[in-house]
Each structure stands twice: as structure tokens, then as C-alpha cells.
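Engineer: For reference, the file data-v4.txt (compact mmCIF, N, CA and C atoms and all ligand atoms) is included below:
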# COMPACT_ATOMS: atom_id res chain seq x y z
N MET T 25 181.37 67.74 52.41
CA MET T 25 180.34 68.21 51.46
C MET T 25 179.23 68.93 52.20
N GLN T 26 178.98 70.13 51.77
CA GLN T 26 177.90 70.91 52.36
C GLN T 26 176.90 71.22 51.25
N ARG T 27 175.63 71.02 51.55
CA ARG T 27 174.59 71.34 50.57
C ARG T 27 173.78 72.53 51.04
N GLY T 28 173.21 73.22 50.08
CA GLY T 28 172.33 74.33 50.41
C GLY T 28 171.44 74.66 49.25
N GLY T 29 170.59 75.62 49.45
CA GLY T 29 169.71 76.04 48.37
C GLY T 29 168.69 77.05 48.84
N CYS T 30 167.88 77.47 47.88
CA CYS T 30 166.89 78.51 48.16
C CYS T 30 165.62 77.91 48.73
N LEU T 31 164.71 78.77 49.09
CA LEU T 31 163.47 78.35 49.73
C LEU T 31 162.62 77.47 48.83
N CYS T 32 162.51 77.81 47.55
CA CYS T 32 161.62 77.05 46.66
C CYS T 32 162.30 75.85 46.04
N GLY T 33 163.61 75.76 46.13
CA GLY T 33 164.33 74.60 45.60
C GLY T 33 164.79 74.75 44.16
N ALA T 34 164.54 75.89 43.53
CA ALA T 34 164.97 76.08 42.14
C ALA T 34 166.48 76.15 42.03
N ILE T 35 167.14 76.60 43.09
CA ILE T 35 168.60 76.70 43.10
C ILE T 35 169.14 75.90 44.28
N THR T 36 170.01 74.97 43.97
CA THR T 36 170.68 74.20 45.00
C THR T 36 172.17 74.18 44.68
N TYR T 37 172.96 73.84 45.66
CA TYR T 37 174.40 73.75 45.41
C TYR T 37 175.04 72.79 46.39
N GLU T 38 176.22 72.34 46.00
CA GLU T 38 177.06 71.52 46.85
C GLU T 38 178.43 72.19 46.92
N VAL T 39 179.04 72.14 48.08
CA VAL T 39 180.36 72.72 48.27
C VAL T 39 181.27 71.64 48.83
N THR T 40 182.42 71.47 48.17
CA THR T 40 183.44 70.59 48.71
C THR T 40 184.50 71.46 49.39
N GLY T 41 185.33 70.86 50.16
CA GLY T 41 186.38 71.61 50.84
C GLY T 41 185.89 72.16 52.16
N ALA T 42 186.85 72.49 53.01
CA ALA T 42 186.52 72.99 54.34
C ALA T 42 186.01 74.42 54.25
N LEU T 43 185.00 74.70 55.02
CA LEU T 43 184.44 76.05 55.08
C LEU T 43 184.88 76.72 56.37
N GLY T 44 185.24 77.99 56.27
CA GLY T 44 185.70 78.73 57.43
C GLY T 44 184.55 79.23 58.27
N PRO T 45 184.88 80.05 59.27
CA PRO T 45 183.83 80.58 60.13
C PRO T 45 182.90 81.53 59.38
N VAL T 46 181.74 81.73 59.95
CA VAL T 46 180.70 82.58 59.38
C VAL T 46 180.87 84.01 59.87
N THR T 47 180.78 84.95 58.96
CA THR T 47 180.80 86.37 59.31
C THR T 47 179.40 86.94 59.10
N ALA T 48 178.96 87.70 60.09
CA ALA T 48 177.68 88.40 59.96
C ALA T 48 177.96 89.81 59.46
N CYS T 49 177.22 90.22 58.43
CA CYS T 49 177.39 91.57 57.89
C CYS T 49 176.11 92.38 58.10
N HIS T 50 176.30 93.51 58.79
CA HIS T 50 175.17 94.37 59.15
C HIS T 50 175.11 95.62 58.29
N CYS T 51 175.80 95.63 57.14
CA CYS T 51 175.80 96.83 56.30
C CYS T 51 174.39 97.10 55.77
N THR T 52 174.18 98.31 55.33
CA THR T 52 172.84 98.72 54.89
C THR T 52 172.35 97.84 53.75
N GLN T 53 173.25 97.50 52.82
CA GLN T 53 172.82 96.68 51.69
C GLN T 53 172.38 95.29 52.15
N CYS T 54 173.16 94.68 53.05
CA CYS T 54 172.77 93.35 53.53
C CYS T 54 171.46 93.41 54.31
N ARG T 55 171.30 94.48 55.09
CA ARG T 55 170.04 94.62 55.82
C ARG T 55 168.87 94.71 54.86
N LYS T 56 169.02 95.53 53.83
CA LYS T 56 167.93 95.69 52.87
C LYS T 56 167.63 94.39 52.14
N GLN T 57 168.70 93.68 51.75
CA GLN T 57 168.48 92.48 50.95
C GLN T 57 167.87 91.34 51.76
N THR T 58 168.31 91.21 53.01
CA THR T 58 167.86 90.07 53.82
C THR T 58 166.66 90.39 54.69
N GLY T 59 166.43 91.66 54.95
CA GLY T 59 165.42 92.02 55.92
C GLY T 59 165.94 92.02 57.34
N HIS T 60 167.22 91.66 57.53
CA HIS T 60 167.83 91.70 58.86
C HIS T 60 169.33 91.88 58.68
N TYR T 61 170.11 90.82 58.74
CA TYR T 61 171.52 90.93 58.36
C TYR T 61 171.96 89.63 57.71
N ALA T 62 173.08 89.71 57.02
CA ALA T 62 173.57 88.55 56.28
C ALA T 62 174.57 87.78 57.13
N ALA T 63 174.65 86.49 56.91
CA ALA T 63 175.66 85.64 57.55
C ALA T 63 176.22 84.75 56.46
N ALA T 64 177.53 84.87 56.21
CA ALA T 64 178.09 84.23 55.03
C ALA T 64 179.46 83.63 55.30
N VAL T 65 179.82 82.69 54.45
CA VAL T 65 181.11 82.01 54.54
C VAL T 65 181.69 81.91 53.13
N PRO T 66 182.97 82.23 52.94
CA PRO T 66 183.54 82.19 51.59
C PRO T 66 183.95 80.79 51.17
N ALA T 67 183.88 80.58 49.86
CA ALA T 67 184.38 79.34 49.26
C ALA T 67 184.88 79.66 47.86
N PRO T 68 185.88 78.94 47.39
CA PRO T 68 186.27 79.12 45.99
C PRO T 68 185.14 78.65 45.08
N TRP T 69 184.87 79.42 44.02
CA TRP T 69 183.83 79.01 43.08
C TRP T 69 184.09 77.61 42.56
N GLY T 70 185.37 77.28 42.44
CA GLY T 70 185.72 75.96 41.92
C GLY T 70 185.27 74.82 42.81
N ASP T 71 184.96 75.12 44.07
CA ASP T 71 184.48 74.10 45.00
C ASP T 71 182.96 73.97 45.00
N VAL T 72 182.30 74.84 44.23
CA VAL T 72 180.84 74.92 44.28
C VAL T 72 180.25 74.34 43.01
N THR T 73 179.34 73.40 43.17
CA THR T 73 178.57 72.88 42.05
C THR T 73 177.15 73.42 42.18
N LEU T 74 176.76 74.22 41.20
CA LEU T 74 175.50 74.93 41.25
C LEU T 74 174.48 74.25 40.36
N SER T 75 173.27 74.14 40.85
CA SER T 75 172.15 73.66 40.04
C SER T 75 171.08 74.74 40.05
N GLY T 76 170.69 75.18 38.86
CA GLY T 76 169.76 76.30 38.76
C GLY T 76 170.52 77.57 38.45
N THR T 77 169.78 78.60 38.09
CA THR T 77 170.38 79.86 37.64
C THR T 77 169.94 81.00 38.54
N PRO T 78 170.88 81.51 39.34
CA PRO T 78 170.51 82.65 40.18
C PRO T 78 170.35 83.91 39.35
N LYS T 79 169.61 84.85 39.90
CA LYS T 79 169.62 86.21 39.36
C LYS T 79 170.68 86.98 40.12
N TRP T 80 171.28 87.95 39.45
CA TRP T 80 172.36 88.74 40.05
C TRP T 80 171.99 90.20 40.06
N TYR T 81 172.26 90.83 41.15
CA TYR T 81 172.05 92.26 41.29
C TYR T 81 173.40 92.92 41.56
N ASN T 82 173.79 93.83 40.68
CA ASN T 82 175.07 94.52 40.83
C ASN T 82 174.89 95.67 41.82
N SER T 83 175.13 95.37 43.09
CA SER T 83 174.80 96.32 44.14
C SER T 83 175.85 97.41 44.27
N THR T 84 177.09 97.11 43.95
CA THR T 84 178.17 98.09 43.98
C THR T 84 179.14 97.73 42.87
N PRO T 85 179.93 98.69 42.41
CA PRO T 85 180.95 98.34 41.42
C PRO T 85 181.87 97.24 41.98
N GLY T 86 182.06 96.19 41.21
CA GLY T 86 182.97 95.14 41.64
C GLY T 86 182.36 94.10 42.54
N ALA T 87 181.07 94.13 42.72
CA ALA T 87 180.43 93.11 43.54
C ALA T 87 178.99 92.91 43.08
N ARG T 88 178.50 91.70 43.28
CA ARG T 88 177.11 91.42 42.94
C ARG T 88 176.52 90.43 43.92
N ARG T 89 175.20 90.44 43.98
CA ARG T 89 174.44 89.63 44.92
C ARG T 89 173.55 88.67 44.16
N GLY T 90 173.66 87.39 44.46
CA GLY T 90 172.90 86.37 43.76
C GLY T 90 171.73 85.89 44.60
N PHE T 91 170.59 85.75 43.93
CA PHE T 91 169.38 85.34 44.65
C PHE T 91 168.49 84.54 43.71
N CYS T 92 167.53 83.86 44.29
CA CYS T 92 166.59 83.10 43.48
C CYS T 92 165.54 84.05 42.92
N GLY T 93 165.35 84.01 41.60
CA GLY T 93 164.38 84.88 40.96
C GLY T 93 162.94 84.47 41.22
N THR T 94 162.75 83.26 41.75
CA THR T 94 161.39 82.81 42.04
C THR T 94 160.99 83.12 43.48
N CYS T 95 161.82 82.68 44.42
CA CYS T 95 161.42 82.83 45.83
C CYS T 95 162.17 83.97 46.53
N GLY T 96 163.19 84.53 45.89
CA GLY T 96 163.86 85.69 46.46
C GLY T 96 164.97 85.39 47.44
N SER T 97 165.22 84.12 47.75
CA SER T 97 166.26 83.79 48.73
C SER T 97 167.60 84.40 48.32
N TYR T 98 168.24 85.06 49.27
CA TYR T 98 169.58 85.61 49.05
C TYR T 98 170.60 84.51 49.30
N LEU T 99 171.42 84.22 48.30
CA LEU T 99 172.29 83.05 48.36
C LEU T 99 173.77 83.38 48.26
N PHE T 100 174.15 84.34 47.41
CA PHE T 100 175.56 84.53 47.07
C PHE T 100 175.97 86.00 47.05
N TRP T 101 177.18 86.24 47.52
CA TRP T 101 177.85 87.52 47.33
C TRP T 101 179.14 87.23 46.62
N GLU T 102 179.45 88.00 45.58
CA GLU T 102 180.64 87.75 44.79
C GLU T 102 181.35 89.06 44.49
N GLU T 103 182.68 89.03 44.59
CA GLU T 103 183.51 90.19 44.25
C GLU T 103 184.41 89.90 43.06
N TYR T 104 184.09 88.91 42.26
CA TYR T 104 184.83 88.56 41.03
C TYR T 104 186.30 88.24 41.32
N ASP T 105 186.58 87.69 42.48
CA ASP T 105 187.97 87.34 42.83
C ASP T 105 188.13 85.82 42.96
N GLY T 106 187.18 85.09 42.40
CA GLY T 106 187.27 83.64 42.46
C GLY T 106 186.56 83.02 43.65
N LEU T 107 186.14 83.89 44.58
CA LEU T 107 185.42 83.41 45.76
C LEU T 107 183.94 83.73 45.65
N VAL T 108 183.14 82.90 46.26
CA VAL T 108 181.73 83.21 46.44
C VAL T 108 181.44 83.12 47.94
N TYR T 109 180.70 84.09 48.43
CA TYR T 109 180.28 84.06 49.84
C TYR T 109 178.89 83.44 49.88
N LEU T 110 178.81 82.32 50.54
CA LEU T 110 177.57 81.56 50.61
C LEU T 110 176.80 81.96 51.87
N MET T 111 175.53 82.28 51.71
CA MET T 111 174.75 82.67 52.87
C MET T 111 174.48 81.46 53.75
N ALA T 112 174.92 81.56 55.00
CA ALA T 112 174.90 80.40 55.89
C ALA T 112 173.49 79.91 56.16
N GLY T 113 172.53 80.80 56.13
CA GLY T 113 171.15 80.40 56.41
C GLY T 113 170.56 79.51 55.33
N ALA T 114 171.19 79.48 54.17
CA ALA T 114 170.68 78.66 53.06
C ALA T 114 171.27 77.26 53.06
N PHE T 115 172.22 77.01 53.99
CA PHE T 115 172.79 75.65 54.07
C PHE T 115 171.79 74.69 54.70
N ASP T 116 171.83 73.45 54.23
CA ASP T 116 171.09 72.40 54.90
C ASP T 116 171.78 72.08 56.21
N ALA T 117 171.02 71.76 57.22
CA ALA T 117 171.57 71.39 58.53
C ALA T 117 171.97 69.92 58.54
N PRO T 118 172.96 69.56 59.34
CA PRO T 118 173.78 70.43 60.18
C PRO T 118 174.94 71.04 59.38
N THR T 119 175.33 72.25 59.72
CA THR T 119 176.42 72.89 58.99
C THR T 119 177.78 72.63 59.63
N GLY T 120 177.81 72.44 60.95
CA GLY T 120 179.08 72.31 61.65
C GLY T 120 179.86 73.61 61.71
N LEU T 121 179.24 74.71 61.33
CA LEU T 121 179.92 76.00 61.27
C LEU T 121 179.65 76.82 62.52
N ARG T 122 180.53 77.80 62.76
CA ARG T 122 180.34 78.75 63.85
C ARG T 122 180.53 80.16 63.31
N MET T 123 179.75 81.07 63.83
CA MET T 123 179.96 82.49 63.52
C MET T 123 181.09 83.00 64.40
N ASP T 124 181.94 83.88 63.85
CA ASP T 124 183.06 84.36 64.68
C ASP T 124 183.20 85.87 64.69
N GLY T 125 182.27 86.59 64.07
CA GLY T 125 182.38 88.05 64.14
C GLY T 125 181.30 88.75 63.35
N HIS T 126 181.15 90.04 63.67
CA HIS T 126 180.15 90.89 63.02
C HIS T 126 180.87 92.04 62.35
N ILE T 127 180.55 92.29 61.09
CA ILE T 127 181.16 93.42 60.39
C ILE T 127 180.09 94.46 60.02
N TYR T 128 180.56 95.68 59.78
CA TYR T 128 179.68 96.82 59.51
C TYR T 128 178.62 96.98 60.59
N TYR T 129 179.08 96.73 61.82
CA TYR T 129 178.16 96.80 62.95
C TYR T 129 177.69 98.23 63.21
N ALA T 130 178.51 99.20 62.80
CA ALA T 130 178.10 100.60 62.96
C ALA T 130 176.88 100.94 62.11
N ASP T 131 176.62 100.11 61.11
CA ASP T 131 175.49 100.35 60.21
C ASP T 131 174.28 99.48 60.52
N LYS T 132 174.33 98.76 61.64
CA LYS T 132 173.26 97.79 61.95
C LYS T 132 171.94 98.51 62.19
N GLY T 133 170.86 97.74 62.15
CA GLY T 133 169.55 98.28 62.50
C GLY T 133 169.53 98.70 63.96
N ASP T 134 168.63 99.60 64.30
CA ASP T 134 168.60 100.13 65.67
C ASP T 134 167.71 99.31 66.60
N TYR T 135 167.20 98.20 66.13
CA TYR T 135 166.22 97.43 66.90
C TYR T 135 166.78 96.16 67.53
N TYR T 136 168.09 95.93 67.40
CA TYR T 136 168.67 94.71 67.96
C TYR T 136 170.13 94.95 68.34
N THR T 137 170.66 94.02 69.12
CA THR T 137 172.10 93.94 69.34
C THR T 137 172.51 92.52 68.97
N ALA T 138 173.79 92.35 68.73
CA ALA T 138 174.28 91.03 68.34
C ALA T 138 174.04 90.02 69.46
N GLY T 139 174.16 90.46 70.70
CA GLY T 139 173.82 89.60 71.82
C GLY T 139 174.71 88.39 72.00
N GLU T 140 175.92 88.48 71.48
CA GLU T 140 176.84 87.36 71.62
C GLU T 140 178.21 87.90 72.00
N ASP T 141 179.04 87.04 72.48
CA ASP T 141 180.39 87.46 72.86
C ASP T 141 181.33 87.28 71.67
N LEU T 142 181.03 88.01 70.62
CA LEU T 142 181.85 87.97 69.41
C LEU T 142 182.27 89.38 69.06
N PRO T 143 183.42 89.55 68.42
CA PRO T 143 183.86 90.89 68.06
C PRO T 143 182.90 91.54 67.06
N CYS T 144 182.65 92.83 67.29
CA CYS T 144 181.81 93.62 66.40
C CYS T 144 182.67 94.75 65.83
N PHE T 145 182.89 94.71 64.53
CA PHE T 145 183.72 95.71 63.87
C PHE T 145 182.82 96.80 63.29
N ALA T 146 183.27 98.04 63.46
CA ALA T 146 182.47 99.17 62.95
C ALA T 146 182.24 99.02 61.46
N ALA T 147 183.27 98.60 60.74
CA ALA T 147 183.15 98.35 59.30
C ALA T 147 183.78 96.98 59.03
N GLY T 148 184.88 96.96 58.28
CA GLY T 148 185.52 95.68 57.97
C GLY T 148 186.36 95.16 59.13
N ARG T 149 186.81 93.91 58.98
CA ARG T 149 187.56 93.25 60.05
C ARG T 149 188.91 93.90 60.34
N SER T 150 189.43 94.68 59.39
CA SER T 150 190.72 95.31 59.62
C SER T 150 190.59 96.61 60.41
N GLY T 151 189.38 97.06 60.66
CA GLY T 151 189.15 98.32 61.35
C GLY T 151 188.84 98.15 62.82
N PRO T 152 188.43 99.24 63.47
CA PRO T 152 188.18 99.20 64.92
C PRO T 152 186.93 98.41 65.28
N GLU T 153 186.97 97.89 66.52
CA GLU T 153 185.80 97.21 67.07
C GLU T 153 184.90 98.22 67.78
N VAL T 154 183.63 97.89 67.88
CA VAL T 154 182.69 98.72 68.62
C VAL T 154 181.94 97.82 69.61
N PRO T 155 181.36 98.38 70.66
CA PRO T 155 180.60 97.56 71.60
C PRO T 155 179.40 96.93 70.93
N SER T 156 179.03 95.74 71.36
CA SER T 156 177.83 95.10 70.82
C SER T 156 176.62 95.57 71.61
ZN ZN E 1 163.93 79.72 45.09
ZN ZN E 2 176.92 93.57 54.08
Go ahead and render the structure in this file as C-alpha cells.
Ligand SMILES: [Zn+2]
Ligand SMILES: [Zn+2]
Structural biologist:
Amino acid sequence: MQRGGCLCGAITYEVTGALGPVTACHCTQCRKQTGHYAAAVPAPWGDVTLSGTPKWYNSTPGARRGFCGTCGSYLFWEEYDGLVYLMAGAFDAPTGLRMDGHIYYADKGDYYTAGEDLPCFAAGRSGPEVPS
């Protein structure tokens, strides 16, 4: 069982089932929404018990971003495929999770590097890697 929630506490959730590794996404949308980059882990919606009502922003056709309408915490990415990507920073500690890669690294901000020995993909995980 993993718990998480937003900064103000209006939205909390519990997740059952094993959670996979964390992916960092450096795409322009994630940068804009988070102020840096997103770090998320997928889970089936059926494993998630949500308390509170997120606001949703339809950022692209076929996907939306869930956040707290009070405090603004970015919590969820959804592609309507039965999965929800939970933002790892919103989990209560300890998570027991590890990050295992960076995606859309070609779109990252110019003020940082990943600084870790993890693969950095120019776009999605199925595409080429780029230096960190
Ligand atoms: Zn909140
Ligand atoms: Zn992204």
C-alpha cells in the first residue's frame, strides 16, 4: 500500500499492488506544469482509491493532467487506457521506488542535467538515447 496526496491535503489516494520504476519526463508540458520535470509511475486505476476531486486539464488529445484545484499540486497523468501515472513526488515517504530513466530529455530545460547514471531518451523509451 502506497499513500500520497497533494500539498494542502484536499486530495489523497491509496494504491494497492506493486509499483514499477519511476520515469522522469522532461517534455515541455511537464516542465511547464511542474516548474521542473515530472517523475511518475503507472498504476491501474482499479488499484487506486481516490479521496477528493482533482481538476483535469486536457493538455493533448487523448491525455489529461490531474491536479489539486486548491494548492495546484500535479498528481496524475492519464491517457484513458485504464492506467494512471502517479507523480512520485506526491507519495508519502518511504516509497521504496527507484527512478530508472529519463524521457523527452531532448526537450529538457537548459539549466540542468540529469546528473545520474540512468538512460536519457531523446523522446520516448522506444527511441534513441542522448547523453545526459
Ligand atoms: Zn491540494
Ligand atoms: Zn512529459
Engineer: Could you check which of T:Met25, T:Cys54, T:Leu107, T:Leu142 is closest to Pro68 (chain T), using all atoms listed in the file?
Structural biologist: T:Leu107
Engineer: Fewer than 2 positions away in the same chain doesn't count, so skip those; otherwise give me all residues within 6 Å of region 131-140 of chain T, counting all atoms listed in the file, as JSON, numbers by chain.
Structural biologist: {"T": [50, 51, 52, 128, 129, 142, 146, 156]}
Engineer: Output N, CA and C atoms for every residue in the selection just made, as a compact mmCIF listing (two decimals), keeping the file's coordinate frame.
Structural biologist:
# COMPACT_ATOMS: atom_id res chain seq x y z
N HIS T 50 176.30 93.51 58.79
CA HIS T 50 175.17 94.37 59.15
C HIS T 50 175.11 95.62 58.29
N CYS T 51 175.80 95.63 57.14
CA CYS T 51 175.80 96.83 56.30
C CYS T 51 174.39 97.10 55.77
N THR T 52 174.18 98.31 55.33
CA THR T 52 172.84 98.72 54.89
C THR T 52 172.35 97.84 53.75
N TYR T 128 180.56 95.68 59.78
CA TYR T 128 179.68 96.82 59.51
C TYR T 128 178.62 96.98 60.59
N TYR T 129 179.08 96.73 61.82
CA TYR T 129 178.16 96.80 62.95
C TYR T 129 177.69 98.23 63.21
N LEU T 142 181.03 88.01 70.62
CA LEU T 142 181.85 87.97 69.41
C LEU T 142 182.27 89.38 69.06
N ALA T 146 183.27 98.04 63.46
CA ALA T 146 182.47 99.17 62.95
C ALA T 146 182.24 99.02 61.46
N SER T 156 179.03 95.74 71.36
CA SER T 156 177.83 95.10 70.82
C SER T 156 176.62 95.57 71.61
Engineer: As a quick test: using only C-alpha atoms and all ligand atoms, which residues lie no more than 10 Å away from ligand ZN 1 (chain E)? Give them as a list in words.
Structural biologist: Gly29, Cys30, Leu31, Cys32, Gly33, Ala34, Ile35, Thr36, Gly76, Thr77, Pro78, Phe91, Cys92, Gly93, Thr94, Cys95, Gly96, Ser97, Tyr98 and Leu99 of chain T
Engineer: Show me which residues sit within 12 Å of ligand ZN 2 (chain E) when counting only C-alpha atoms and all ligand atoms, and put them as a ChimeraX atom specification.
Structural biologist: /T:47-64,83-84,87-89,98,100-102,109,111,126-132,146-148
Engineer: If DSSP is run on the backbone, what residues of region 56-153 of chain T are strand (DSSP E or B)? A reply as a ChimeraX atom specification would be ideal.
Structural biologist: /T:62-68,72-75,79-84,87-91,98-102,107-111,115,123-127,144-145,153
Engineer: As an exercise, work out the distance from atom C of Gly113 (chain T) to atom C of Val154 (chain T) in Å and give it to one decimal place.
Structural biologist: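 That distance, rounded to one decimal, is 25.9 Å.
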Engineer: Between T:Val65, T:Val39, T:Val46, T:Cys144, which residue has the minimum interatomic distance to Asp124 (chain T), considering only N, CA and C atoms?
Structural biologist: T:Val46
Engineer: Suppose you want the space between CA of Gly125 (chain T) and CA of Tyr104 (chain T); what is it in Å?
Structural biologist: 23.2 Å
Engineer: If you run DSSP over the backbone, which residues in chain T end up helix (DSSP H, G or I)? Put them as number ranges by chain.
Structural biologist: T: 52-58, 69-71, 112-114, 129-131
Engineer: Write the residues of the preceding selection, restricted to N, CA and C atoms, as a tab-separated table (two decimals), in the coordinates of the input.
Structural biologist:
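Result file follows (part.tsv):
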chain	number	residue	atom	x	y	z
T	52	THR	N	174.18	98.31	55.33
T	52	THR	CA	172.84	98.72	54.89
T	52	THR	C	172.35	97.84	53.75
T	53	GLN	N	173.25	97.50	52.82
T	53	GLN	CA	172.82	96.68	51.69
T	53	GLN	C	172.38	95.29	52.15
T	54	CYS	N	173.16	94.68	53.05
T	54	CYS	CA	172.77	93.35	53.53
T	54	CYS	C	171.46	93.41	54.31
T	55	ARG	N	171.30	94.48	55.09
T	55	ARG	CA	170.04	94.62	55.82
T	55	ARG	C	168.87	94.71	54.86
T	56	LYS	N	169.02	95.53	53.83
T	56	LYS	CA	167.93	95.69	52.87
T	56	LYS	C	167.63	94.39	52.14
T	57	GLN	N	168.70	93.68	51.75
T	57	GLN	CA	168.48	92.48	50.95
T	57	GLN	C	167.87	91.34	51.76
T	58	THR	N	168.31	91.21	53.01
T	58	THR	CA	167.86	90.07	53.82
T	58	THR	C	166.66	90.39	54.69
T	69	TRP	N	184.87	79.42	44.02
T	69	TRP	CA	183.83	79.01	43.08
T	69	TRP	C	184.09	77.61	42.56
T	70	GLY	N	185.37	77.28	42.44
T	70	GLY	CA	185.72	75.96	41.92
T	70	GLY	C	185.27	74.82	42.81
T	71	ASP	N	184.96	75.12	44.07
T	71	ASP	CA	184.48	74.10	45.00
T	71	ASP	C	182.96	73.97	45.00
T	112	ALA	N	174.92	81.56	55.00
T	112	ALA	CA	174.90	80.40	55.89
T	112	ALA	C	173.49	79.91	56.16
T	113	GLY	N	172.53	80.80	56.13
T	113	GLY	CA	171.15	80.40	56.41
T	113	GLY	C	170.56	79.51	55.33
T	114	ALA	N	171.19	79.48	54.17
T	114	ALA	CA	170.68	78.66	53.06
T	114	ALA	C	171.27	77.26	53.06
T	129	TYR	N	179.08	96.73	61.82
T	129	TYR	CA	178.16	96.80	62.95
T	129	TYR	C	177.69	98.23	63.21
T	130	ALA	N	178.51	99.20	62.80
T	130	ALA	CA	178.10	100.60	62.96
T	130	ALA	C	176.88	100.94	62.11
T	131	ASP	N	176.62	100.11	61.11
T	131	ASP	CA	175.49	100.35	60.21
T	131	ASP	C	174.28	99.48	60.52
Engineer: Enter the distance from atom C of Glu38 (chain T) to atom N of Arg122 (chain T), in Å, rounded to one decimal.
Structural biologist: 16.9 Å
Engineer: Report, as AutoDock Vina command-line options, the centre and edge lengths in Å (one decimal) of the axis-aligned box enclosing every listed atom of region 151-155 of chain T, padded by 5 Å on each side.
Structural biologist:
--center_x 184.4 --center_y 98.1 --center_z 66.1 --size_x 20.0 --size_y 12.3 --size_z 20.9
Engineer: Select, from T:Ser150, T:Gly120, T:Ala114, T:Tyr37, the residue with the minimum atom-to-atom distance to Ser75 (chain T), counting all atoms listed in the file.
Structural biologist: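 Using all atoms listed in the file, Ser75 (chain T) sits closest to T:Tyr37.
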Engineer: Measuring atom to atom with only N, CA and C atoms, identify which of T:Gly44, T:Gly106, T:Arg149, T:Asp141 is nearest to Gly70 (chain T).
Structural biologist: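 Once distances to Gly70 (chain T) are computed over only N, CA and C atoms, the minimum belongs to T:Gly106.
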